[in-house]
>>> print(open('input.cif').read())   # mmCIF, C-alpha atoms
data_protein
#
loop_
_atom_site.label_atom_id
_atom_site.label_comp_id
_atom_site.auth_asym_id
_atom_site.auth_seq_id
_atom_site.Cartn_x
_atom_site.Cartn_y
_atom_site.Cartn_z
CA MET Y 1 78.11 17.63 32.90
CA PRO Y 2 80.35 17.70 29.83
CA LYS Y 3 81.74 21.04 28.77
CA ASN Y 4 82.57 19.98 25.20
CA LYS Y 5 80.08 18.32 22.90
CA LYS Y 6 81.10 15.74 20.33
CA ARG Y 7 80.89 17.01 16.79
CA ASN Y 8 80.47 15.29 13.47
CA THR Y 9 83.60 15.84 11.39
CA ALA Y 10 82.05 15.21 8.00
CA HIS Y 11 83.17 17.63 5.29
CA ARG Y 12 80.67 20.36 4.53
CA GLY Y 13 79.02 19.93 1.16
CA GLY Y 14 76.25 21.47 -0.86
CA GLY Y 15 72.93 20.47 0.67
CA GLY Y 16 70.32 18.86 -1.51
CA GLY Y 17 66.63 18.73 -0.97
CA GLY Y 18 63.55 20.73 -1.81
CA GLY Y 19 63.99 24.47 -2.04
CA SER Y 20 61.34 27.14 -1.93
CA GLY Y 21 61.58 28.41 -5.47
CA ALA Y 22 58.81 26.32 -6.95
CA ALA Y 23 57.27 26.93 -10.33
CA ALA Y 24 53.94 28.69 -10.61
CA ALA Y 25 51.27 26.42 -9.21
CA THR Y 26 47.67 25.90 -10.28
CA GLU Y 27 44.63 24.46 -8.58
CA THR Y 28 41.79 22.58 -10.24
CA THR Y 29 38.32 24.00 -9.61
CA ALA Y 30 35.07 22.08 -9.44
CA GLY Y 31 34.43 22.75 -13.15
CA GLY Y 32 37.73 21.21 -14.23
CA GLN Y 33 39.39 24.57 -14.98
CA HIS Y 34 42.63 25.82 -13.52
CA ARG Y 35 43.27 29.07 -11.71
CA ASN Y 36 46.48 30.67 -10.47
CA ILE Y 37 47.28 30.62 -6.77
CA GLN Y 38 48.28 33.86 -5.04
CA PRO Y 39 51.93 33.99 -3.90
CA PHE Y 40 52.89 33.83 -0.22
CA SER Y 41 53.59 37.56 -0.08
CA ASP Y 42 52.74 40.48 -2.31
CA GLU Y 43 56.24 41.80 -1.61
CA ASP Y 44 57.95 38.66 -2.93
CA ALA Y 45 56.27 37.67 -6.18
CA SER Y 46 58.97 35.12 -6.96
CA ILE Y 47 57.55 32.78 -4.32
CA GLU Y 48 54.46 30.98 -5.56
CA THR Y 49 52.92 28.25 -3.51
CA MET Y 50 50.02 25.89 -3.39
CA SER Y 51 47.29 26.21 -0.78
CA HIS Y 52 46.17 22.71 0.23
CA CYS Y 53 42.98 23.46 2.07
CA SER Y 54 41.33 20.09 1.59
CA GLY Y 55 42.47 17.33 3.89
CA TYR Y 56 44.55 19.64 6.10
CA SER Y 57 41.98 22.29 6.99
CA ASP Y 58 42.78 22.25 10.70
CA PRO Y 59 46.51 21.84 11.43
CA SER Y 60 45.99 22.72 15.09
CA SER Y 61 44.02 19.49 15.51
CA PHE Y 62 47.32 17.63 15.87
CA ALA Y 63 48.09 19.49 19.08
CA GLU Y 64 44.62 18.70 20.39
CA ASP Y 65 44.60 15.03 19.43
CA GLY Y 66 48.21 14.51 20.37
CA PRO Y 67 50.54 11.82 18.99
CA GLU Y 68 48.95 9.17 21.24
CA VAL Y 69 46.02 8.88 18.83
CA LEU Y 70 48.39 8.16 15.98
CA ASP Y 71 50.36 5.66 18.05
CA GLU Y 72 47.27 3.69 18.94
CA GLU Y 73 45.02 4.05 15.92
CA GLY Y 74 47.23 5.07 13.01
CA THR Y 75 50.56 4.28 11.42
CA GLN Y 76 53.83 6.01 10.76
CA GLU Y 77 52.61 6.62 7.20
CA ASP Y 78 49.54 8.45 8.55
CA LEU Y 79 51.75 10.71 10.66
CA GLU Y 80 54.13 11.49 7.82
CA TYR Y 81 51.24 12.18 5.46
CA LYS Y 82 49.79 14.66 7.93
CA LEU Y 83 53.16 16.34 8.48
CA LYS Y 84 53.69 16.72 4.72
CA GLY Y 85 50.38 18.56 4.66
CA PHE Y 86 51.51 20.82 7.48
CA ILE Y 87 54.73 21.66 5.61
CA ASP Y 88 52.66 22.62 2.55
CA LEU Y 89 50.40 24.77 4.72
CA THR Y 90 53.35 26.81 6.01
CA LEU Y 91 53.18 28.43 2.55
CA ASP Y 92 49.46 29.20 2.71
CA LYS Y 93 48.09 32.70 2.06
CA SER Y 94 46.41 32.82 5.48
CA ALA Y 95 48.62 33.84 8.41
CA LYS Y 96 46.43 31.86 10.81
CA THR Y 97 46.77 28.72 8.69
CA ARG Y 98 50.56 29.10 8.51
CA GLN Y 99 50.78 29.63 12.26
CA ALA Y 100 48.61 26.58 12.98
CA ALA Y 101 50.74 24.48 10.62
CA LEU Y 102 53.93 25.61 12.38
CA GLU Y 103 52.43 24.76 15.77
CA GLY Y 104 51.28 21.37 14.52
CA LEU Y 105 54.77 20.57 13.27
CA ARG Y 106 56.34 21.70 16.54
CA SER Y 107 53.95 19.53 18.54
CA ALA Y 108 54.77 16.50 16.40
CA LEU Y 109 58.53 17.01 16.53
CA ALA Y 110 58.43 17.54 20.29
CA SER Y 111 56.55 14.26 20.75
CA LYS Y 112 58.27 11.84 18.36
CA LEU Y 113 61.68 11.29 16.80
CA LEU Y 114 61.38 11.82 13.05
CA SER Y 115 65.02 11.95 11.95
CA GLU Y 116 64.68 10.28 8.54
CA PHE Y 117 61.57 12.27 7.65
CA LEU Y 118 63.31 15.53 8.58
CA LEU Y 119 66.56 14.76 6.78
CA GLU Y 120 64.65 14.42 3.50
CA ARG Y 121 62.77 17.71 4.02
CA ARG Y 122 65.22 19.72 6.09
CA MET Y 123 65.88 22.41 3.50
CA THR Y 124 62.20 22.79 2.60
CA LEU Y 125 61.24 23.13 6.26
CA THR Y 126 64.10 25.54 6.96
CA ASP Y 127 63.04 27.72 4.04
CA SER Y 128 59.46 27.77 5.33
CA ILE Y 129 60.61 28.79 8.81
CA GLU Y 130 62.81 31.52 7.35
CA ARG Y 131 59.94 32.99 5.32
CA CYS Y 132 57.59 32.93 8.31
CA LEU Y 133 60.19 34.68 10.46
CA LYS Y 134 60.81 37.35 7.83
CA LYS Y 135 57.26 37.97 6.60
CA GLY Y 136 55.10 36.95 9.55
CA LYS Y 137 53.79 38.99 12.46
CA SER Y 138 54.37 38.36 16.18
CA ASP Y 139 52.47 35.10 16.73
CA GLU Y 140 53.69 33.55 13.49
CA GLN Y 141 57.29 34.51 14.28
CA ARG Y 142 56.99 32.94 17.71
CA ALA Y 143 55.60 29.72 16.23
CA ALA Y 144 58.38 29.63 13.62
CA ALA Y 145 61.11 30.21 16.22
CA ALA Y 146 59.68 27.50 18.50
CA LEU Y 147 59.67 25.05 15.57
CA ALA Y 148 63.28 25.95 14.70
CA SER Y 149 64.37 25.06 18.26
CA VAL Y 150 62.75 21.63 18.13
CA LEU Y 151 64.09 21.02 14.61
CA CYS Y 152 67.68 21.51 15.83
CA VAL Y 153 67.06 19.25 18.84
CA GLN Y 154 65.74 16.57 16.47
CA LEU Y 155 68.72 16.83 14.09
CA GLY Y 156 71.32 17.00 16.87
CA PRO Y 157 74.88 18.30 16.39
CA GLY Y 158 76.25 17.85 12.90
CA ILE Y 159 76.31 19.37 9.45
CA GLU Y 160 72.50 19.32 9.07
CA SER Y 161 71.79 21.43 12.15
CA GLU Y 162 74.76 23.66 11.32
CA GLU Y 163 73.15 24.45 7.97
CA VAL Y 164 69.85 25.22 9.71
CA LEU Y 165 71.60 27.65 12.07
CA LYS Y 166 73.57 29.17 9.19
CA THR Y 167 70.26 29.98 7.46
CA LEU Y 168 68.14 31.01 10.45
CA GLY Y 169 70.78 32.52 12.75
CA PRO Y 170 71.04 35.91 10.98
CA VAL Y 171 67.24 36.20 10.79
CA LEU Y 172 66.85 35.40 14.50
CA LYS Y 173 69.55 37.94 15.44
CA LYS Y 174 67.87 40.60 13.32
CA ILE Y 175 64.53 40.08 15.09
CA ILE Y 176 66.17 39.94 18.53
CA CYS Y 177 67.90 43.30 17.98
CA ASP Y 178 64.96 44.97 16.21
CA GLY Y 179 63.46 47.49 18.63
CA THR Y 180 60.31 47.79 16.50
CA ALA Y 181 59.55 44.05 16.55
CA SER Y 182 57.13 42.44 19.00
CA ILE Y 183 58.63 41.90 22.46
CA GLN Y 184 57.08 38.42 22.62
CA ALA Y 185 58.60 37.48 19.25
CA ARG Y 186 62.03 38.80 20.28
CA GLN Y 187 61.80 36.86 23.53
CA THR Y 188 61.02 33.54 21.78
CA CYS Y 189 63.72 34.20 19.18
CA ALA Y 190 66.30 34.81 21.95
CA THR Y 191 65.50 31.42 23.50
CA CYS Y 192 65.54 29.76 20.08
CA PHE Y 193 68.87 31.36 19.18
CA GLY Y 194 70.46 30.13 22.40
CA VAL Y 195 69.16 26.57 21.96
CA CYS Y 196 70.14 26.34 18.27
CA CYS Y 197 73.65 27.63 19.05
CA PHE Y 198 73.96 25.16 21.94
CA VAL Y 199 73.08 22.27 19.63
CA ALA Y 200 74.66 23.25 16.33
CA THR Y 201 77.49 25.79 16.75
CA ASP Y 202 80.79 24.25 15.69
CA ASP Y 203 82.67 27.50 15.07
CA ILE Y 204 83.93 29.02 18.31
CA THR Y 205 83.80 32.55 16.87
CA GLU Y 206 80.08 32.09 16.14
CA LEU Y 207 79.56 31.03 19.74
CA TYR Y 208 81.28 34.18 21.00
CA ALA Y 209 79.21 36.33 18.61
CA ALA Y 210 76.02 34.74 19.95
CA LEU Y 211 77.11 35.51 23.53
CA ASP Y 212 77.80 39.13 22.56
CA CYS Y 213 74.36 39.46 20.99
CA LEU Y 214 72.58 38.08 24.06
CA GLU Y 215 74.70 40.15 26.46
CA SER Y 216 73.56 43.34 24.75
CA LEU Y 217 69.96 42.55 25.73
CA PHE Y 218 70.41 42.11 29.47
CA SER Y 219 73.59 44.02 30.32
CA LYS Y 220 71.70 47.32 30.70
CA ALA Y 221 68.74 45.74 32.49
CA GLY Y 222 69.79 47.05 35.88
CA LEU Y 223 70.09 50.70 34.87
CA LYS Y 224 67.83 53.48 36.10
CA GLU Y 225 64.92 55.04 34.24
CA LYS Y 226 67.11 57.65 32.59
CA ASP Y 227 68.98 54.93 30.71
CA ALA Y 228 68.03 53.09 27.56
CA LEU Y 229 66.33 50.02 29.00
CA VAL Y 230 63.97 50.19 31.95
CA LEU Y 231 63.39 46.86 33.58
CA GLY Y 232 60.00 46.87 35.24
CA SER Y 233 57.39 44.17 35.52
CA GLY Y 234 55.76 44.78 32.13
CA PRO Y 235 55.98 42.65 28.98
CA SER Y 236 59.37 44.16 28.02
CA SER Y 237 61.01 42.52 31.05
CA GLY Y 238 60.62 39.09 29.42
CA LEU Y 239 63.22 39.83 26.74
CA PRO Y 240 66.22 40.41 29.06
CA VAL Y 241 65.14 37.39 31.11
CA SER Y 242 65.15 35.12 28.06
CA ALA Y 243 68.44 36.61 26.86
CA LEU Y 244 70.08 36.07 30.25
CA LEU Y 245 68.95 32.43 30.45
CA ALA Y 246 70.07 31.71 26.87
CA TRP Y 247 73.43 33.38 27.60
CA ALA Y 248 73.91 31.23 30.71
CA LEU Y 249 73.15 28.09 28.67
CA LEU Y 250 75.87 28.93 26.14
CA LEU Y 251 78.39 29.66 28.89
CA THR Y 252 78.16 25.99 29.95
CA ILE Y 253 79.84 24.96 26.65
CA CYS Y 254 82.43 27.75 26.55
CA PRO Y 255 86.17 27.01 26.74
CA ALA Y 256 87.64 27.75 30.18
CA SER Y 257 89.65 30.77 28.97
CA GLU Y 258 86.60 32.47 27.45
CA LEU Y 259 84.42 31.53 30.42
CA LYS Y 260 86.88 33.21 32.78
CA LYS Y 261 86.88 36.35 30.65
CA ARG Y 262 83.07 36.55 30.57
CA LEU Y 263 82.83 35.99 34.32
CA GLU Y 264 85.25 38.83 35.04
CA THR Y 265 83.22 41.15 32.79
CA HIS Y 266 79.67 40.30 33.84
CA PHE Y 267 79.56 38.58 37.23
CA HIS Y 268 79.68 41.83 39.23
CA LYS Y 269 76.82 43.28 37.13
CA LEU Y 270 74.32 40.51 37.88
CA PRO Y 271 73.63 41.35 41.56
CA SER Y 272 71.98 44.62 40.43
CA LEU Y 273 69.33 42.53 38.63
CA LEU Y 274 68.28 41.05 41.97
CA SER Y 275 66.56 44.37 42.72
CA SER Y 276 64.31 44.17 39.66
CA ASP Y 277 60.56 44.69 40.08
CA ASP Y 278 59.98 41.56 37.97
CA VAL Y 279 60.02 38.32 39.96
CA ASN Y 280 61.10 36.36 36.88
CA MET Y 281 64.16 38.56 36.43
CA ARG Y 282 65.07 38.26 40.12
CA ILE Y 283 64.83 34.47 39.90
CA ALA Y 284 66.73 34.29 36.58
CA ALA Y 285 69.51 36.48 38.00
CA GLY Y 286 69.72 34.42 41.19
CA GLU Y 287 69.90 31.08 39.36
CA THR Y 288 72.45 32.47 36.89
CA LEU Y 289 74.64 33.69 39.75
CA ALA Y 290 74.52 30.21 41.31
CA LEU Y 291 75.40 28.63 37.96
CA LEU Y 292 78.30 31.03 37.35
CA LEU Y 293 79.67 30.43 40.82
CA GLU Y 294 79.53 26.69 40.17
CA LEU Y 295 81.42 27.12 36.88
CA ALA Y 296 83.99 29.44 38.48
CA ARG Y 297 84.59 27.07 41.37
CA GLY Y 298 84.98 24.25 38.86
CA MET Y 299 87.95 26.13 37.37
CA GLU Y 300 89.30 27.46 40.69
CA SER Y 301 88.15 25.65 43.80
CA ASP Y 302 89.07 28.63 46.00
CA PHE Y 303 87.22 31.19 43.80
CA LEU Y 304 85.77 33.97 45.94
CA TYR Y 305 83.70 36.91 44.77
CA GLU Y 306 85.16 40.15 46.16
CA ASP Y 307 81.82 41.42 47.49
CA MET Y 308 80.53 38.06 48.66
CA GLU Y 309 79.21 39.38 51.98
CA SER Y 310 76.96 41.94 50.31
CA LEU Y 311 75.74 39.35 47.77
CA THR Y 312 74.92 36.88 50.54
CA GLU Y 313 72.89 39.51 52.38
CA MET Y 314 70.86 40.25 49.24
CA LEU Y 315 70.20 36.56 48.64
CA ARG Y 316 69.17 36.02 52.27
CA ALA Y 317 66.75 38.95 52.08
CA LEU Y 318 65.15 37.50 48.94
CA ALA Y 319 64.97 34.04 50.53
CA THR Y 320 62.94 35.50 53.43
CA ASP Y 321 61.13 38.25 51.51
CA GLY Y 322 57.89 39.36 53.19
CA ASN Y 323 57.19 42.49 51.13
CA LYS Y 324 53.43 43.12 51.34
CA HIS Y 325 53.38 44.86 47.97
CA ARG Y 326 54.28 41.63 46.14
CA ALA Y 327 51.88 38.86 45.22
CA LYS Y 328 51.85 35.83 47.53
CA VAL Y 329 52.49 33.44 44.65
CA ASP Y 330 55.53 35.43 43.53
CA LYS Y 331 56.93 35.60 47.06
CA ARG Y 332 56.46 31.87 47.61
CA LYS Y 333 58.17 31.02 44.33
CA GLN Y 334 60.99 33.49 44.98
CA ARG Y 335 61.68 32.28 48.52
CA SER Y 336 61.86 28.66 47.36
CA VAL Y 337 64.40 29.44 44.63
CA PHE Y 338 66.59 31.75 46.68
CA ARG Y 339 66.84 29.30 49.57
CA ASP Y 340 68.54 26.95 47.11
CA VAL Y 341 70.67 29.76 45.65
CA LEU Y 342 71.78 30.81 49.12
CA ARG Y 343 72.81 27.23 49.92
CA ALA Y 344 74.84 27.14 46.71
CA VAL Y 345 76.64 30.39 47.54
CA GLU Y 346 77.29 29.71 51.23
CA ASP Y 347 77.61 25.92 51.43
CA ARG Y 348 78.32 24.90 47.81
CA ASP Y 349 75.34 22.60 48.12
CA PHE Y 350 72.65 21.66 45.59
CA PRO Y 351 69.34 19.94 46.43
CA THR Y 352 69.34 16.88 44.17
CA GLU Y 353 66.21 16.31 42.08
CA THR Y 354 65.12 13.04 40.47
CA VAL Y 355 63.52 12.93 37.02
CA LYS Y 356 61.79 9.70 36.00
CA PHE Y 357 61.16 8.79 32.36
CA GLY Y 358 60.07 5.32 31.31
CA PRO Y 359 62.07 2.71 33.24
CA GLU Y 360 64.94 5.15 33.82
CA ARG Y 361 65.67 7.99 36.18
CA MET Y 362 68.06 10.93 36.04
CA TYR Y 363 69.54 12.82 38.97
CA ILE Y 364 69.88 16.58 38.60
CA ASP Y 365 72.71 17.29 41.02
CA CYS Y 366 74.21 20.59 39.87
CA TRP Y 367 73.12 24.00 38.57
CA VAL Y 368 74.52 23.37 35.08
CA LYS Y 369 72.40 20.28 34.64
CA LYS Y 370 69.35 21.99 36.16
CA HIS Y 371 69.60 24.98 33.84
CA THR Y 372 70.08 22.74 30.79
CA TYR Y 373 67.13 20.57 31.81
CA ASP Y 374 64.87 23.60 32.40
CA THR Y 375 65.79 25.02 28.99
CA PHE Y 376 64.92 21.86 27.07
CA LYS Y 377 61.78 21.44 29.15
CA GLU Y 378 60.67 24.87 27.93
CA VAL Y 379 61.41 23.89 24.32
CA LEU Y 380 59.96 20.37 24.30
CA GLY Y 381 57.28 20.60 26.99
CA SER Y 382 55.79 17.22 27.88
CA GLY Y 383 57.75 15.65 25.01
CA LEU Y 384 61.00 15.98 26.98
CA GLN Y 385 60.47 12.62 28.70
CA TYR Y 386 60.20 10.87 25.34
CA HIS Y 387 63.31 12.61 24.02
CA LEU Y 388 65.27 11.71 27.16
CA GLN Y 389 64.53 8.07 26.37
CA ALA Y 390 65.19 8.11 22.62
CA ASN Y 391 67.10 11.24 21.53
CA GLU Y 392 70.82 10.41 21.37
CA PHE Y 393 71.86 14.06 21.52
CA LEU Y 394 69.97 14.77 24.77
CA ARG Y 395 71.14 11.49 26.27
CA HIS Y 396 74.72 12.56 25.51
CA VAL Y 397 74.14 16.01 27.05
CA PHE Y 398 72.79 14.47 30.27
CA GLU Y 399 75.29 11.58 30.26
CA LEU Y 400 72.60 8.89 30.05
CA GLY Y 401 74.41 6.57 27.66
CA PRO Y 402 72.84 4.87 24.61
CA PRO Y 403 69.03 4.57 24.48
CA VAL Y 404 67.64 1.63 26.45
CA MET Y 405 66.05 -0.87 24.05
CA LEU Y 406 62.82 -2.42 25.30
CA ASP Y 407 60.72 -4.99 23.49
CA ALA Y 408 57.03 -4.40 22.74
CA ALA Y 409 55.86 -6.80 25.46
CA THR Y 410 57.83 -4.96 28.16
CA LEU Y 411 56.53 -1.60 27.00
CA LYS Y 412 52.96 -2.91 27.04
CA THR Y 413 53.26 -4.13 30.62
CA MET Y 414 54.68 -0.76 31.69
CA LYS Y 415 51.87 1.21 30.08
CA ILE Y 416 48.82 1.96 32.24
CA SER Y 417 45.49 2.27 30.48
CA ARG Y 418 43.48 5.46 30.76
CA PHE Y 419 40.77 3.67 32.75
CA GLU Y 420 43.29 2.31 35.28
CA ARG Y 421 44.89 5.74 35.58
CA HIS Y 422 41.44 7.27 36.17
CA LEU Y 423 40.66 4.76 38.92
CA TYR Y 424 44.00 5.37 40.61
CA ASN Y 425 43.55 9.16 40.51
CA SER Y 426 40.00 8.89 41.87
CA ALA Y 427 41.11 6.70 44.77
CA ALA Y 428 44.00 9.03 45.57
CA PHE Y 429 41.70 12.05 45.46
CA LYS Y 430 39.20 10.43 47.87
CA ALA Y 431 41.94 9.42 50.29
CA ARG Y 432 43.47 12.89 50.21
CA THR Y 433 40.08 14.56 50.76
CA LYS Y 434 39.30 12.25 53.68
CA ALA Y 435 42.65 12.94 55.34
CA ARG Y 436 42.27 16.70 54.97
CA SER Y 437 38.70 16.60 56.26
CA LYS Y 438 39.89 15.04 59.51
CA CYS Y 439 42.38 17.86 59.98
CA ARG Y 440 39.77 20.48 59.28
CA ASP Y 441 37.02 18.93 61.41
CA LYS Y 442 35.91 21.55 63.93
CA ARG Y 443 34.94 18.79 66.33
CA ALA Y 444 38.56 17.60 66.59
CA ASP Y 445 40.03 17.58 70.08
CA VAL Y 446 41.61 21.01 70.60
CA GLY Y 447 41.20 21.19 74.38
CA GLU Y 448 44.93 21.07 75.02
CA PHE Y 449 45.26 24.59 73.58
CA PHE Y 450 42.97 26.11 76.18
#
>>> encode(input="input.cif", output="structure tokens")
Amino acid sequence: MPKNKKRNTAHRGGGGGGGSGAAAATETTAGGQHRNIQPFSDEDASIETMSHCSGYSDPSSFAEDGPEVLDEEGTQEDLEYKLKGFIDLTLDKSAKTRQAALEGLRSALASKLLSEFLLERRMTLTDSIERCLKKGKSDEQRAAAALASVLCVQLGPGIESEEVLKTLGPVLKKIICDGTASIQARQTCATCFGVCCFVATDDITELYAALDCLESLFSKAGLKEKDALVLGSGPSSGLPVSALLAWALLLTICPASELKKRLETHFHKLPSLLSSDDVNMRIAAGETLALLLELARGMESDFLYEDMESLTEMLRALATDGNKHRAKVDKRKQRSVFRDVLRAVEDRDFPTETVKFGPERMYIDCWVKKHTYDTFKEVLGSGLQYHLQANEFLRHVFELGPPVMLDAATLKTMKISRFERHLYNSAAFKARTKARSKCRDKRADVGEFF
């Protein structure tokens, strides 16, 4: 897993493209007259936008139909036409329409590479995201932050994504640190901030500032009720979890000297998070400890935590947790994770996982790669497999080499039709049901137990 990402060295210049300060717009009514369109916000009368309700009345339909429909029945022009409509709708008067447009754009960008389309409209889209983050409420802010993450992944490292982060970074940090903002919005913005910094940060001081910001959100998470942040199992617990995971992601690209400094400051604080009432925080803390140990041992092979015996006992207790007050699903998930964490701490071992995408496969054989993969899976969802095949930035991160070029005939032979997939699933279901029925048959021979 590479610690240093390649960077474009092109000189920074003034970005061109469409800005948000458009002239006052008008809309033609059925009688041929024109009427003024209301601005995006009453608080910002300088922003006047058009509301394209016809032709793009349901932006969320893209997420429902999915890009497969466009691949099979439409053209690239159809997709771009629809996305232009979504970009226009991010300026609509209706918050629900703006949110649906943001979600439609995120779904499209997570499912297809649209580099040229985005380069032409990068500034316009960035301005729209910025306005939605500043003026929108919780759900709209979450949709805008999710879109910003995918936009940076699409652009990859370079001056374009650096400009996106330069514009959106301060807004994201403001929301993350705003105690009056929605917890869900702050949580999504923390993840977005970590991903955008991972992709785009070229200035080492900006990377350190991002780490400081994220540390402030989880460093007090293990304190008692009398302190500022109480970490229970409510909605507020999601924010320190997201901050911790984003912080761990950025540590994987830190220089060795800074990494050592951060480990000395924070490693001994993380075991206290293992006692959290929230299963997600316990798991996040356990996986982060395993990742930090892996990084520390990569710098010093004989690295040994001073209170390793106590830490091992805590991990073993969580790996065999039988607390009756906890949900069965949570206990099962926790035990599975902490068995792997315990192996990492005691035996320096990692259970290798295989990820298949197209004709290729990738082996996840360390905690750094696992954490990076899990992060981008959260951002891209089911579109991650496509991006692993075609996105040069992600292929560089996971050391997959240049994209594998396949001709149309090969791709067609690899693709299984929906009908064939349905038949296969039906046959597998019947076989599985039959096998289980035999095991559950009360008439089975059980005499040897008597």
>>> atom_distance(input="input.cif", atom1="atom CA of Lys173 of chain Y", atom2="atom CA of Leu125 of chain Y")
19.3 Å
>>> residues_around(input="input.cif", residues="Arg326 of chain Y", least_positions_apart="4", cutoff="10 Å", atoms="only C-alpha atoms", output="list in words")
Asp277, Asp278, Val279, Asp321, Gly322, Asp330 and Lys331 of chain Y
>>> resolve_selection(input="input.cif", expression="the PyMOL selection byres ((chain Y and resi 317-319) around 6)", output="PyMOL selection string")
chain Y and resi 314-316+320-321+335+338-339
>>> write_last_selection(input="input.cif", atoms="C-alpha atoms", output="tab-separated table (two decimals), in the coordinates of the input")
chain	number	residue	atom	x	y	z
Y	314	MET	CA	70.86	40.25	49.24
Y	315	LEU	CA	70.20	36.56	48.64
Y	316	ARG	CA	69.17	36.02	52.27
Y	320	THR	CA	62.94	35.50	53.43
Y	321	ASP	CA	61.13	38.25	51.51
Y	335	ARG	CA	61.68	32.28	48.52
Y	338	PHE	CA	66.59	31.75	46.68
Y	339	ARG	CA	66.84	29.30	49.57
>>> resolve_selection(input="input.cif", expression="the PyMOL selection byres ((chain Y and resi 156) around 10)", output="PyMOL selection string")
chain Y and resi 7-8+115+150-155+157-162+196+198-200+391-394
>>> residues_near_point(input="input.cif", point="(71.4, 25.5, 6.8)", cutoff="10 Å", atoms="all atoms listed in the file", output="ChimeraX atom specification")
/Y:14-15,122-123,126-127,159-169
>>> resolve_selection(input="input.cif", expression="the PyMOL selection byres ((chain Y and resi 268) around 10)", output="ChimeraX atom specification")
/Y:263-267,269-272,289,305-307,311
